[in-house]
Amino acid sequence: MSNIRVYRLACLCGLCKLLTGLDQYIAALITAPPYSIAADQAEQISPWMAEGLVAHYAGDQVMPSDMQVNIQSLRGSGDIHTQLAATMLESVWTDLPPPDNSVSLDLATR
């Protein structure tokens, strides 16, 4: 179980409110053009996106194995909007180098 999921259950430090607010915001965003995802699909996808965005902005995110299953399920859909949702989810869960939380910057002037 990812740390985000543990926080979601425990509602620590206001994270529960953040996830709930993001769920609602994302649902409104992805049902509108240009995404135009159906409302029932947005209701399913928006909590996944909220969780992914919180992990993404925290840095050094690691995609939970069940999220990969969700993404593959969406990608296998014949609907282009649902496939787009799979791509959006995959992008927020993909963490490219360098590591986010262990970067050192030398700010000395030369």
# chains A, B, ... in the order shown; residues from 1 in each chain; ligands from 1
>>> select_by_dssp(residues="chain A", states="alpha helix (DSSP H)", output="number ranges by chain")
A: 3-10, 15-31, 39-58, 65-75, 80-93
>>> residues_around(residues="Pro99 of chain A", least_positions_apart="3", cutoff="12 Å", atoms="only C-alpha atoms", output="PDB file with C-alpha atoms, in the first residue's frame")
ATOM      1  CA  HIS A  56       3.815  13.577  -8.384  1.00  0.00           C
ATOM      2  CA  ALA A  58       5.634  15.206  -3.506  1.00  0.00           C
ATOM      3  CA  GLY A  59       8.354  13.853  -5.800  1.00  0.00           C
ATOM      4  CA  ASP A  60      10.041  10.506  -6.301  1.00  0.00           C
ATOM      5  CA  GLN A  61       6.680   8.839  -6.884  1.00  0.00           C
ATOM      6  CA  VAL A  62       6.464   5.087  -7.368  1.00  0.00           C
ATOM      7  CA  THR A  94       6.263   8.434 -14.199  1.00  0.00           C
ATOM      8  CA  ASP A  95       9.266   9.877 -12.398  1.00  0.00           C
ATOM      9  CA  LEU A  96      12.238  10.639 -14.612  1.00  0.00           C
ATOM     10  CA  SER A 102      17.799  14.289  -3.241  1.00  0.00           C
ATOM     11  CA  VAL A 103      19.059  16.977  -5.606  1.00  0.00           C
ATOM     12  CA  SER A 104      21.999  19.113  -4.528  1.00  0.00           C
TER      13      SER A 104
END
>>> residues_around(residues="Gly21 of chain A", least_positions_apart="3", cutoff="12 Å", atoms="only C-alpha atoms", output="list in words")
Gly14, Leu15, Cys16, Lys17, Leu18, Gln24, Tyr25, Ile26, Ala27, Ala28, Ser46, Pro47, Met49, Ala50, Glu51 and Val54 of chain A
>>> write_last_selection(atoms="N, CA and C atoms", output="compact mmCIF listing (two decimals), in the first residue's frame")
# COMPACT_ATOMS: atom_id res chain seq x y z
N GLY A 14 -4.54 17.19 6.75
CA GLY A 14 -5.38 17.83 5.74
C GLY A 14 -5.30 17.21 4.36
N LEU A 15 -4.55 16.12 4.22
CA LEU A 15 -4.40 15.49 2.91
C LEU A 15 -5.72 14.93 2.41
N CYS A 16 -6.58 14.50 3.32
CA CYS A 16 -7.89 13.99 2.93
C CYS A 16 -8.70 15.07 2.22
N LYS A 17 -8.66 16.29 2.76
CA LYS A 17 -9.38 17.40 2.13
C LYS A 17 -8.76 17.74 0.78
N LEU A 18 -7.44 17.69 0.70
CA LEU A 18 -6.77 17.95 -0.56
C LEU A 18 -7.19 16.94 -1.62
N GLN A 24 -12.77 16.37 -7.04
CA GLN A 24 -13.86 17.17 -7.61
C GLN A 24 -13.37 18.07 -8.74
N TYR A 25 -12.23 18.70 -8.54
CA TYR A 25 -11.66 19.58 -9.56
C TYR A 25 -11.31 18.80 -10.82
N ILE A 26 -10.65 17.67 -10.66
CA ILE A 26 -10.24 16.85 -11.80
C ILE A 26 -11.46 16.34 -12.56
N ALA A 27 -12.47 15.89 -11.84
CA ALA A 27 -13.70 15.41 -12.50
C ALA A 27 -14.30 16.51 -13.36
N ALA A 28 -14.37 17.73 -12.83
CA ALA A 28 -14.91 18.85 -13.60
C ALA A 28 -14.03 19.15 -14.81
N SER A 46 -11.01 10.18 -11.57
CA SER A 46 -10.54 11.36 -10.83
C SER A 46 -9.86 11.05 -9.50
N PRO A 47 -10.31 10.07 -8.71
CA PRO A 47 -9.55 9.75 -7.49
C PRO A 47 -8.15 9.21 -7.80
N MET A 49 -6.37 10.05 -10.44
CA MET A 49 -5.58 11.20 -10.86
C MET A 49 -5.17 12.05 -9.66
N ALA A 50 -6.09 12.25 -8.72
CA ALA A 50 -5.78 13.04 -7.53
C ALA A 50 -4.64 12.39 -6.75
N GLU A 51 -4.73 11.10 -6.56
CA GLU A 51 -3.67 10.38 -5.84
C GLU A 51 -2.35 10.50 -6.59
N VAL A 54 -0.88 14.14 -6.25
CA VAL A 54 -0.29 14.38 -4.93
C VAL A 54 1.08 13.69 -4.84
